[in-house]
Structures are given as structure tokens and as C-alpha cells.
>>> print(open('upload27.txt').read())   # compact mmCIF, C-alpha atoms
# COMPACT_ATOMS: atom_id res chain seq x y z
CA ALA C 1 2.64 -15.61 -1.06
CA GLN C 2 -0.57 -15.07 -2.92
CA SER C 3 -0.84 -15.66 -6.62
CA VAL C 4 -3.20 -16.56 -9.38
CA ALA C 5 -2.47 -18.47 -12.57
CA GLN C 6 -4.27 -18.60 -15.87
CA PRO C 7 -2.70 -21.56 -17.64
CA GLU C 8 -4.05 -20.78 -21.10
CA ASP C 9 -3.00 -17.67 -23.00
CA GLN C 10 -5.58 -18.32 -25.70
CA VAL C 11 -8.89 -20.16 -25.80
CA ASN C 12 -10.85 -20.68 -29.00
CA VAL C 13 -14.44 -21.87 -29.01
CA ALA C 14 -17.18 -22.09 -31.62
CA GLU C 15 -20.20 -19.85 -31.26
CA GLY C 16 -22.95 -21.64 -29.36
CA ASN C 17 -20.60 -24.04 -27.63
CA PRO C 18 -19.87 -23.90 -23.90
CA LEU C 19 -16.74 -22.07 -22.86
CA THR C 20 -14.36 -22.42 -19.93
CA VAL C 21 -11.55 -20.08 -18.96
CA LYS C 22 -9.32 -21.58 -16.29
CA CYS C 23 -7.93 -20.01 -13.14
CA THR C 24 -6.06 -21.49 -10.20
CA TYR C 25 -4.99 -19.64 -7.08
CA SER C 26 -2.66 -19.83 -4.14
CA VAL C 27 -3.52 -17.96 -0.95
CA SER C 28 -3.18 -18.28 2.77
CA GLY C 29 -6.61 -18.32 4.34
CA ASN C 30 -9.94 -18.00 2.61
CA PRO C 31 -9.71 -16.62 -0.92
CA TYR C 32 -11.65 -13.70 -2.34
CA LEU C 33 -11.69 -14.27 -6.10
CA PHE C 34 -12.74 -12.07 -9.02
CA TRP C 35 -13.19 -12.26 -12.77
CA TYR C 36 -12.88 -9.26 -15.07
CA VAL C 37 -13.20 -8.84 -18.84
CA GLN C 38 -11.35 -6.36 -21.02
CA TYR C 39 -12.27 -5.30 -24.53
CA PRO C 40 -9.60 -3.71 -26.77
CA ASN C 41 -8.27 -0.39 -25.49
CA ARG C 42 -10.79 -0.34 -22.65
CA GLY C 43 -10.69 -0.67 -18.90
CA LEU C 44 -11.58 -3.83 -17.04
CA GLN C 45 -15.23 -4.67 -16.47
CA PHE C 46 -16.24 -6.64 -13.40
CA LEU C 47 -17.98 -9.95 -14.13
CA LEU C 48 -18.35 -11.75 -10.82
CA LYS C 49 -16.74 -12.55 -7.49
CA TYR C 50 -16.59 -15.29 -4.90
CA ILE C 51 -16.44 -14.29 -1.26
CA THR C 52 -18.21 -17.07 0.57
CA GLY C 53 -21.25 -19.31 0.28
CA ASP C 54 -22.44 -21.16 -2.80
CA ASN C 55 -19.56 -22.51 -4.88
CA LEU C 56 -21.33 -21.57 -8.12
CA VAL C 57 -21.31 -17.83 -8.62
CA LYS C 58 -23.45 -16.18 -11.28
CA GLY C 59 -22.38 -12.92 -12.85
CA SER C 60 -22.94 -10.51 -15.70
CA TYR C 61 -23.66 -11.40 -19.34
CA GLY C 62 -24.55 -15.03 -18.54
CA PHE C 63 -21.16 -15.90 -17.08
CA GLU C 64 -20.69 -18.04 -14.02
CA ALA C 65 -17.74 -19.41 -12.11
CA GLU C 66 -17.24 -22.46 -9.96
CA PHE C 67 -15.14 -22.25 -6.83
CA ASN C 68 -13.37 -25.51 -6.03
CA LYS C 69 -11.45 -25.37 -2.79
CA SER C 70 -9.83 -28.80 -3.08
CA GLN C 71 -8.46 -28.01 -6.55
CA THR C 72 -7.83 -24.32 -5.70
CA SER C 73 -9.59 -23.34 -8.89
CA PHE C 74 -12.10 -20.72 -9.95
CA HIS C 75 -12.91 -21.43 -13.59
CA LEU C 76 -15.11 -19.08 -15.58
CA LYS C 77 -17.87 -20.67 -17.63
CA LYS C 78 -20.69 -19.87 -20.00
CA PRO C 79 -23.14 -22.41 -21.43
CA SER C 80 -23.30 -20.91 -24.92
CA ALA C 81 -20.59 -18.61 -26.29
CA LEU C 82 -21.32 -15.50 -28.34
CA VAL C 83 -19.00 -13.83 -30.81
CA SER C 84 -19.30 -10.71 -28.65
CA ASP C 85 -17.70 -12.64 -25.75
CA SER C 86 -14.38 -12.44 -27.57
CA ALA C 87 -12.12 -10.46 -25.24
CA LEU C 88 -9.32 -10.70 -22.69
CA TYR C 89 -10.30 -12.26 -19.36
CA PHE C 90 -8.51 -11.76 -16.06
CA CYS C 91 -8.77 -13.71 -12.86
CA ALA C 92 -7.73 -11.96 -9.64
CA VAL C 93 -7.34 -12.76 -5.95
CA ARG C 94 -7.53 -10.34 -3.05
CA ASP C 95 -4.35 -9.53 -1.15
CA MET C 96 -5.10 -10.71 2.37
CA GLN C 97 -1.73 -9.81 3.88
CA THR C 98 -1.41 -6.03 3.71
CA GLY C 99 -4.88 -5.20 4.97
CA ALA C 100 -5.59 -3.23 1.81
CA ASN C 101 -7.99 -4.23 -0.94
CA ASN C 102 -5.25 -4.90 -3.45
CA LEU C 103 -5.70 -7.51 -6.13
CA PHE C 104 -3.21 -9.92 -7.67
CA PHE C 105 -4.03 -10.53 -11.31
CA GLY C 106 -3.34 -13.43 -13.59
CA THR C 107 -1.71 -12.78 -16.94
CA GLY C 108 -4.99 -13.00 -18.80
CA THR C 109 -6.62 -15.38 -21.26
CA ARG C 110 -7.67 -14.24 -24.69
CA LEU C 111 -10.98 -15.78 -25.66
CA THR C 112 -11.90 -15.97 -29.32
CA VAL C 113 -15.38 -17.13 -30.26
CA ILE C 114 -15.49 -18.35 -33.84
CA PRO C 115 -18.69 -17.72 -35.81
CA ASP N 1 -16.18 2.10 -16.78
CA GLY N 2 -18.88 3.58 -14.60
CA GLY N 3 -18.06 6.62 -12.51
CA ILE N 4 -14.31 6.63 -13.05
CA THR N 5 -12.76 8.88 -15.67
CA GLN N 6 -9.19 8.94 -16.89
CA SER N 7 -7.60 11.53 -19.09
CA PRO N 8 -6.14 11.78 -21.55
CA LYS N 9 -6.98 8.58 -23.43
CA TYR N 10 -3.70 8.76 -25.37
CA LEU N 11 -0.55 10.50 -24.24
CA PHE N 12 2.78 10.92 -25.95
CA ARG N 13 5.92 11.85 -24.06
CA LYS N 14 9.42 12.65 -25.04
CA GLU N 15 12.22 11.02 -23.11
CA GLY N 16 13.19 13.03 -20.06
CA GLN N 17 9.75 14.56 -19.54
CA ASN N 18 7.45 14.06 -16.60
CA VAL N 19 3.77 13.50 -17.40
CA THR N 20 0.71 13.36 -15.17
CA LEU N 21 -2.24 11.05 -15.75
CA SER N 22 -5.57 12.08 -14.33
CA CYS N 23 -8.01 9.80 -12.49
CA GLU N 24 -11.32 11.04 -11.06
CA GLN N 25 -14.16 9.05 -9.48
CA ASN N 26 -17.66 10.05 -8.39
CA LEU N 27 -18.46 6.77 -6.63
CA ASN N 28 -17.61 8.10 -3.18
CA HIS N 29 -14.99 5.38 -2.83
CA ASP N 30 -12.30 5.72 -0.20
CA ALA N 31 -9.70 3.57 -1.95
CA MET N 32 -8.03 4.22 -5.28
CA TYR N 33 -5.39 2.33 -7.24
CA TRP N 34 -3.05 2.67 -10.19
CA TYR N 35 -2.09 -0.32 -12.32
CA ARG N 36 0.20 -0.74 -15.26
CA GLN N 37 -0.68 -3.20 -18.02
CA ASP N 38 1.88 -4.65 -20.41
CA PRO N 39 1.15 -7.35 -23.00
CA GLY N 40 1.34 -10.83 -21.50
CA GLN N 41 2.00 -9.60 -17.98
CA GLY N 42 -1.44 -8.87 -16.63
CA LEU N 43 -1.86 -5.88 -14.35
CA ARG N 44 0.76 -4.76 -11.86
CA LEU N 45 0.06 -2.44 -8.96
CA ILE N 46 1.94 0.87 -8.93
CA TYR N 47 0.42 2.79 -6.00
CA TYR N 48 -2.71 2.63 -3.90
CA SER N 49 -4.46 4.92 -1.49
CA GLN N 50 -6.96 3.83 1.13
CA ILE N 51 -7.83 7.30 2.35
CA VAL N 52 -7.23 10.94 1.56
CA ASN N 53 -3.69 12.19 2.22
CA ASP N 54 -2.32 8.67 2.48
CA PHE N 55 -0.90 6.33 -0.15
CA GLN N 56 1.33 3.28 -0.35
CA LYS N 57 3.76 1.86 -2.86
CA GLY N 58 2.71 -1.16 -4.84
CA ASP N 59 4.89 -3.71 -6.58
CA ILE N 60 6.39 -1.39 -9.22
CA ALA N 61 6.42 2.12 -7.72
CA GLU N 62 9.91 3.14 -8.89
CA GLY N 63 9.77 6.05 -11.32
CA TYR N 64 6.22 6.99 -10.38
CA SER N 65 4.64 9.38 -7.89
CA VAL N 66 1.09 10.07 -6.73
CA SER N 67 -0.92 12.41 -4.55
CA ARG N 68 -4.28 12.08 -2.85
CA GLU N 69 -5.39 15.55 -1.81
CA LYS N 70 -9.06 14.93 -2.57
CA LYS N 71 -11.20 11.85 -2.14
CA GLU N 72 -12.29 11.85 -5.78
CA SER N 73 -8.88 12.38 -7.37
CA PHE N 74 -5.70 10.27 -7.56
CA PRO N 75 -3.28 11.61 -10.21
CA LEU N 76 -0.25 9.60 -11.27
CA THR N 77 2.99 11.23 -12.41
CA VAL N 78 5.31 9.23 -14.59
CA THR N 79 8.74 10.69 -14.02
CA SER N 80 11.83 10.63 -16.19
CA ALA N 81 13.24 8.06 -13.78
CA GLN N 82 10.83 5.46 -15.14
CA LYS N 83 12.99 3.69 -17.71
CA ASN N 84 10.27 1.96 -19.69
CA PRO N 85 7.08 3.97 -19.31
CA THR N 86 5.31 2.95 -22.51
CA ALA N 87 2.26 1.03 -21.28
CA PHE N 88 -1.48 1.11 -20.67
CA TYR N 89 -2.31 2.68 -17.29
CA LEU N 90 -5.48 1.80 -15.44
CA CYS N 91 -6.99 3.53 -12.45
CA ALA N 92 -9.46 1.79 -10.14
CA SER N 93 -11.44 2.55 -7.03
CA SER N 94 -13.29 0.61 -4.35
CA ALA N 95 -14.88 0.91 -0.98
CA ARG N 96 -12.58 -0.03 1.86
CA HIS N 97 -14.14 -3.31 2.91
CA SER N 98 -12.05 -6.29 1.88
CA THR N 99 -14.92 -7.93 -0.03
CA ASP N 100 -15.69 -4.87 -2.12
CA THR N 101 -15.16 -4.83 -5.85
CA GLN N 102 -12.63 -2.65 -7.63
CA TYR N 103 -14.06 -0.70 -10.54
CA PHE N 104 -11.83 0.46 -13.35
CA GLY N 105 -11.56 3.53 -15.50
CA PRO N 106 -11.12 3.37 -19.30
CA GLY N 107 -7.33 3.68 -19.16
CA THR N 108 -4.62 5.93 -20.58
CA ARG N 109 -2.18 4.68 -23.17
CA LEU N 110 1.21 6.33 -22.72
CA THR N 111 3.79 6.19 -25.47
CA VAL N 112 7.32 7.47 -25.14
CA LEU N 113 8.70 8.84 -28.38
>>> encode(input="upload27.txt", output="C-alpha cells")
Amino acid sequence: AQSVAQPEDQVNVAEGNPLTVKCTYSVSGNPYLFWYVQYPNRGLQFLLKYITGDNLVKGSYGFEAEFNKSQTSFHLKKPSALVSDSALYFCAVRDMQTGANNLFFGTGTRLTVIP
Amino acid sequence: DGGITQSPKYLFRKEGQNVTLSCEQNLNHDAMYWYRQDPGQGLRLIYYSQIVNDFQKGDIAEGYSVSREKKESFPLTVTSAQKNPTAFYLCASSARHSTDTQYFGPGTRLTVL
């Protein structure tokens, strides 16, 4: 079965400090992994994805994520956090069993950047 | 939120009523999806459609129905059989290739009174 876990419900970081939002996955075969961000009462915005190739993926708004196959992780990172980064972050993995493009989502991590 | 629109933004329903949530996309995407979001549970798939006139049940389809008569439209009906319909509903679309990204609409918040 495919799944994705976000072990931290809440992450707090000071403005200007580096941030990490953790994600681990379980899939059969090669994983397709995604990160999305959600601001209050809004839809999800796509940040970045890993399909193949370089393990460090760069995305929108200065975010990047590192794919680590041995640790089955895909942590989201940013070198210097902004207050405006405060939001709910979701990791997702592609469903590779049904043949559709469905995604399995983690339960989300709320990031708070403290001024 | 791009080229996906959802309406209404807020919807109130009395118990026993059916309601229909609208989702329209102008991205020329073949595939469309409906998710339900509850606090602390992430997003759960209700229905998806990979092509016009075809759709499949997701993980939590009971109490919901959909149609896909046009490529750009994928309305979701929340029926009276759905016992706990209060939630935030998100529509998404994507191309059909497995590596393609899903893009989301702004969502509809449904509250049962």
C-alpha cells in the first residue's frame, strides 16, 4: 500500500532561520512525490515535485526538497524563512497502482514563522 | 488557483437536502478530482474522472455523486445519505500523464445546519 507521513503537526521557526518540513513515504516502485502549500480558506498551491533525476528539487518561492531513497524521505526546506511562509504544508505521493493520477496526501504540517 | 473555479465559496445546507458543488477548469485537462478536507486528516479522494463520461470512486465516495458530461466541468453532489458532510471540498485537475501535476481550485466550504 502507498502512503505518506508527515510526523510533525506543527513546526515553529524564527524568521530568517532555515526551515525543514518532514515527509516520509511508502510506495512500491519508484515514487512520484509532491509538495503543496495551503493558506487559510484557500486551495492548495503546487510548490515542487520529484519524478526522477537530481535528488535536490527546486520549486516556487525559494523552497526546495531533497529526495532520499534510502531513508524514503522527501523533506521540504528553505534556507531563510519568511513570516509569509506561515501556512499548512502537504506532502503527497502518486498512486501507482490504479493507473490514474491520484495522490495520497499526508495529514499536513502547520508552519509558523515567528517574527 | 489558476484556471480552476469552484462555486459557491460558502454553502449552507439543511439536513436532508442534496447540494451540488460546481467545478470548472479552462486548462484543457482530461482528468479531474474531488477531495474532502477535514482538520487533521489531510485530503481524501471522493471521486475522480480521467476522461469525459467516465468517473471512478475514490476512498470515500459513499453519499456523493458526480457527473462528467463536459471536459471542463465536474460537479459534485452531496446527497442526504452523506452523514457528516460539513467539510472543505477541493476540486483539482491534471493532464493524464502520471508525472503531471494536479492543480487545485479555491475550494467550497459546506456547512450543514
>>> closest_atom_pairs(input="upload27.txt", of="chain N", to="chain C", cutoff="8 Å", atoms="all atoms listed in the file", output="JSON lines")
{"residue": "N:Asp1", "atom": "CA", "partner": "C:Gly43", "partner_atom": "CA", "distance": 6.5}
{"residue": "N:Gly40", "atom": "CA", "partner": "C:Thr107", "partner_atom": "CA", "distance": 5.8}
{"residue": "N:Gln41", "atom": "CA", "partner": "C:Thr107", "partner_atom": "CA", "distance": 5.0}
{"residue": "N:Gly42", "atom": "CA", "partner": "C:Thr107", "partner_atom": "CA", "distance": 3.9}
{"residue": "N:Leu43", "atom": "CA", "partner": "C:Phe105", "partner_atom": "CA", "distance": 6.0}
{"residue": "N:Arg44", "atom": "CA", "partner": "C:Phe105", "partner_atom": "CA", "distance": 7.5}
{"residue": "N:Tyr48", "atom": "CA", "partner": "C:Asn102", "partner_atom": "CA", "distance": 8.0}
{"residue": "N:Gln50", "atom": "CA", "partner": "C:Ala100", "partner_atom": "CA", "distance": 7.2}
{"residue": "N:Leu90", "atom": "CA", "partner": "C:Gly43", "partner_atom": "CA", "distance": 6.7}
{"residue": "N:Ser94", "atom": "CA", "partner": "C:Asn101", "partner_atom": "CA", "distance": 7.9}
{"residue": "N:Arg96", "atom": "CA", "partner": "C:Asn101", "partner_atom": "CA", "distance": 6.8}
{"residue": "N:His97", "atom": "CA", "partner": "C:Asn101", "partner_atom": "CA", "distance": 7.3}
{"residue": "N:Ser98", "atom": "CA", "partner": "C:Asn101", "partner_atom": "CA", "distance": 5.4}
{"residue": "N:Thr99", "atom": "CA", "partner": "C:Ile51", "partner_atom": "CA", "distance": 6.7}
{"residue": "N:Asp100", "atom": "CA", "partner": "C:Asn101", "partner_atom": "CA", "distance": 7.8}
{"residue": "N:Thr101", "atom": "CA", "partner": "C:Phe46", "partner_atom": "CA", "distance": 7.8}
{"residue": "N:Gln102", "atom": "CA", "partner": "C:Phe46", "partner_atom": "CA", "distance": 7.9}
{"residue": "N:Tyr103", "atom": "CA", "partner": "C:Phe46", "partner_atom": "CA", "distance": 6.9}
{"residue": "N:Phe104", "atom": "CA", "partner": "C:Leu44", "partner_atom": "CA", "distance": 5.7}
{"residue": "N:Gly105", "atom": "CA", "partner": "C:Gly43", "partner_atom": "CA", "distance": 5.5}
{"residue": "N:Pro106", "atom": "CA", "partner": "C:Gly43", "partner_atom": "CA", "distance": 4.1}
{"residue": "N:Gly107", "atom": "CA", "partner": "C:Gly43", "partner_atom": "CA", "distance": 5.5}
>>> write_last_selection(input="upload27.txt", atoms="C-alpha atoms", output="PDB file, in the coordinates of the input")
ATOM      1  CA  ASP N   1     -16.180   2.100 -16.780  1.00  0.00           C
ATOM      2  CA  GLY N  40       1.340 -10.830 -21.500  1.00  0.00           C
ATOM      3  CA  GLN N  41       2.000  -9.600 -17.980  1.00  0.00           C
ATOM      4  CA  GLY N  42      -1.440  -8.870 -16.630  1.00  0.00           C
ATOM      5  CA  LEU N  43      -1.860  -5.880 -14.350  1.00  0.00           C
ATOM      6  CA  ARG N  44       0.760  -4.760 -11.860  1.00  0.00           C
ATOM      7  CA  TYR N  48      -2.710   2.630  -3.900  1.00  0.00           C
ATOM      8  CA  GLN N  50      -6.960   3.830   1.130  1.00  0.00           C
ATOM      9  CA  LEU N  90      -5.480   1.800 -15.440  1.00  0.00           C
ATOM     10  CA  SER N  94     -13.290   0.610  -4.350  1.00  0.00           C
ATOM     11  CA  ARG N  96     -12.580  -0.030   1.860  1.00  0.00           C
ATOM     12  CA  HIS N  97     -14.140  -3.310   2.910  1.00  0.00           C
ATOM     13  CA  SER N  98     -12.050  -6.290   1.880  1.00  0.00           C
ATOM     14  CA  THR N  99     -14.920  -7.930  -0.030  1.00  0.00           C
ATOM     15  CA  ASP N 100     -15.690  -4.870  -2.120  1.00  0.00           C
ATOM     16  CA  THR N 101     -15.160  -4.830  -5.850  1.00  0.00           C
ATOM     17  CA  GLN N 102     -12.630  -2.650  -7.630  1.00  0.00           C
ATOM     18  CA  TYR N 103     -14.060  -0.700 -10.540  1.00  0.00           C
ATOM     19  CA  PHE N 104     -11.830   0.460 -13.350  1.00  0.00           C
ATOM     20  CA  GLY N 105     -11.560   3.530 -15.500  1.00  0.00           C
ATOM     21  CA  PRO N 106     -11.120   3.370 -19.300  1.00  0.00           C
ATOM     22  CA  GLY N 107      -7.330   3.680 -19.160  1.00  0.00           C
TER      23      GLY N 107
END
>>> atom_distance(input="upload27.txt", atom1="atom CA of C:Val93", atom2="atom CA of N:Leu27")
22.5 Å
>>> closest_residue(input="upload27.txt", among="N:Gln37, N:Asn53, N:Thr77, N:Thr108", to="N:Asn18", atoms="all atoms listed in the file")
N:Thr77
>>> residues_around(input="upload27.txt", residues="N:Val78", least_positions_apart="3", cutoff="7 Å", atoms="only C-alpha atoms", output="number ranges by chain")
N: 18-20, 63-65, 82
>>> atom_distance(input="upload27.txt", atom1="atom CA of C:His75", atom2="atom CA of C:Thr24")
7.6 Å
>>> closest_residue(input="upload27.txt", among="C:Ser84, C:Val37, C:Leu111, C:Lys69", to="C:Thr20", atoms="only C-alpha atoms")
C:Leu111
>>> build_atoms(input="upload27.txt", residues="stretch 41-77 of chain N", atoms="N, CA and C atoms", output="compact mmCIF listing (two decimals), in the frame of the given file")
# COMPACT_ATOMS: atom_id res chain seq x y z
N GLN N 41 1.58 -9.67 -19.38
CA GLN N 41 2.00 -9.60 -17.98
C GLN N 41 0.85 -9.29 -17.03
N GLY N 42 -0.35 -9.20 -17.52
CA GLY N 42 -1.44 -8.87 -16.63
C GLY N 42 -1.31 -7.46 -16.11
N LEU N 43 -1.90 -7.20 -14.97
CA LEU N 43 -1.86 -5.88 -14.35
C LEU N 43 -0.94 -5.91 -13.14
N ARG N 44 -0.14 -4.87 -13.00
CA ARG N 44 0.76 -4.76 -11.86
C ARG N 44 0.47 -3.47 -11.12
N LEU N 45 0.45 -3.56 -9.80
CA LEU N 45 0.06 -2.44 -8.96
C LEU N 45 1.21 -1.45 -8.80
N ILE N 46 0.93 -0.17 -9.05
CA ILE N 46 1.94 0.87 -8.93
C ILE N 46 1.84 1.54 -7.56
N TYR N 47 0.69 2.12 -7.27
CA TYR N 47 0.42 2.79 -6.00
C TYR N 47 -1.04 2.55 -5.64
N TYR N 48 -1.33 2.65 -4.35
CA TYR N 48 -2.71 2.63 -3.90
C TYR N 48 -2.87 3.58 -2.73
N SER N 49 -4.12 3.99 -2.56
CA SER N 49 -4.46 4.92 -1.49
C SER N 49 -5.76 4.46 -0.85
N GLN N 50 -5.75 4.28 0.44
CA GLN N 50 -6.96 3.83 1.13
C GLN N 50 -7.76 4.97 1.70
N ILE N 51 -7.14 6.17 1.77
CA ILE N 51 -7.83 7.30 2.35
C ILE N 51 -7.11 8.56 1.90
N VAL N 52 -7.81 9.67 1.97
CA VAL N 52 -7.23 10.94 1.56
C VAL N 52 -5.96 11.22 2.35
N ASN N 53 -4.98 11.80 1.65
CA ASN N 53 -3.69 12.19 2.22
C ASN N 53 -2.83 11.01 2.67
N ASP N 54 -3.14 9.84 2.17
CA ASP N 54 -2.32 8.67 2.48
C ASP N 54 -2.24 7.79 1.26
N PHE N 55 -1.05 7.26 0.95
CA PHE N 55 -0.90 6.33 -0.15
C PHE N 55 0.29 5.43 0.12
N GLN N 56 0.30 4.29 -0.57
CA GLN N 56 1.33 3.28 -0.35
C GLN N 56 1.89 2.80 -1.68
N LYS N 57 3.15 2.42 -1.67
CA LYS N 57 3.76 1.86 -2.86
C LYS N 57 3.22 0.46 -3.13
N GLY N 58 3.05 0.18 -4.41
CA GLY N 58 2.71 -1.16 -4.84
C GLY N 58 3.96 -1.91 -5.27
N ASP N 59 3.78 -2.83 -6.18
CA ASP N 59 4.89 -3.71 -6.58
C ASP N 59 5.91 -3.04 -7.48
N ILE N 60 5.49 -1.99 -8.23
CA ILE N 60 6.39 -1.39 -9.22
C ILE N 60 6.37 0.13 -9.12
N ALA N 61 6.56 0.68 -7.95
CA ALA N 61 6.42 2.12 -7.72
C ALA N 61 7.60 2.96 -8.24
N GLU N 62 8.73 2.36 -8.50
CA GLU N 62 9.91 3.14 -8.89
C GLU N 62 9.67 3.91 -10.18
N GLY N 63 9.96 5.21 -10.14
CA GLY N 63 9.77 6.05 -11.32
C GLY N 63 8.40 6.68 -11.42
N TYR N 64 7.57 6.43 -10.42
CA TYR N 64 6.22 6.99 -10.38
C TYR N 64 6.00 7.76 -9.08
N SER N 65 5.06 8.71 -9.11
CA SER N 65 4.64 9.38 -7.89
C SER N 65 3.15 9.67 -7.97
N VAL N 66 2.53 9.80 -6.80
CA VAL N 66 1.09 10.07 -6.73
C VAL N 66 0.81 11.09 -5.64
N SER N 67 -0.42 11.57 -5.64
CA SER N 67 -0.92 12.41 -4.55
C SER N 67 -2.38 12.06 -4.34
N ARG N 68 -2.86 12.33 -3.15
CA ARG N 68 -4.28 12.08 -2.85
C ARG N 68 -4.77 13.21 -1.94
N GLU N 69 -4.96 14.37 -2.55
CA GLU N 69 -5.39 15.55 -1.81
C GLU N 69 -6.91 15.62 -1.68
N LYS N 70 -7.61 14.97 -2.60
CA LYS N 70 -9.06 14.93 -2.57
C LYS N 70 -9.55 13.49 -2.69
N LYS N 71 -10.67 13.21 -2.13
CA LYS N 71 -11.20 11.85 -2.14
C LYS N 71 -11.43 11.37 -3.57
N GLU N 72 -11.89 12.26 -4.44
CA GLU N 72 -12.29 11.85 -5.78
C GLU N 72 -11.16 11.81 -6.78
N SER N 73 -9.95 12.23 -6.40
CA SER N 73 -8.88 12.38 -7.37
C SER N 73 -7.60 11.68 -6.93
N PHE N 74 -6.93 11.02 -7.87
CA PHE N 74 -5.70 10.27 -7.56
C PHE N 74 -4.77 10.33 -8.77
N PRO N 75 -4.14 11.47 -9.02
CA PRO N 75 -3.28 11.61 -10.21
C PRO N 75 -1.97 10.85 -10.08
N LEU N 76 -1.51 10.35 -11.20
CA LEU N 76 -0.25 9.60 -11.27
C LEU N 76 0.74 10.36 -12.15
N THR N 77 1.94 10.61 -11.62
CA THR N 77 2.99 11.23 -12.41
C THR N 77 4.02 10.18 -12.80
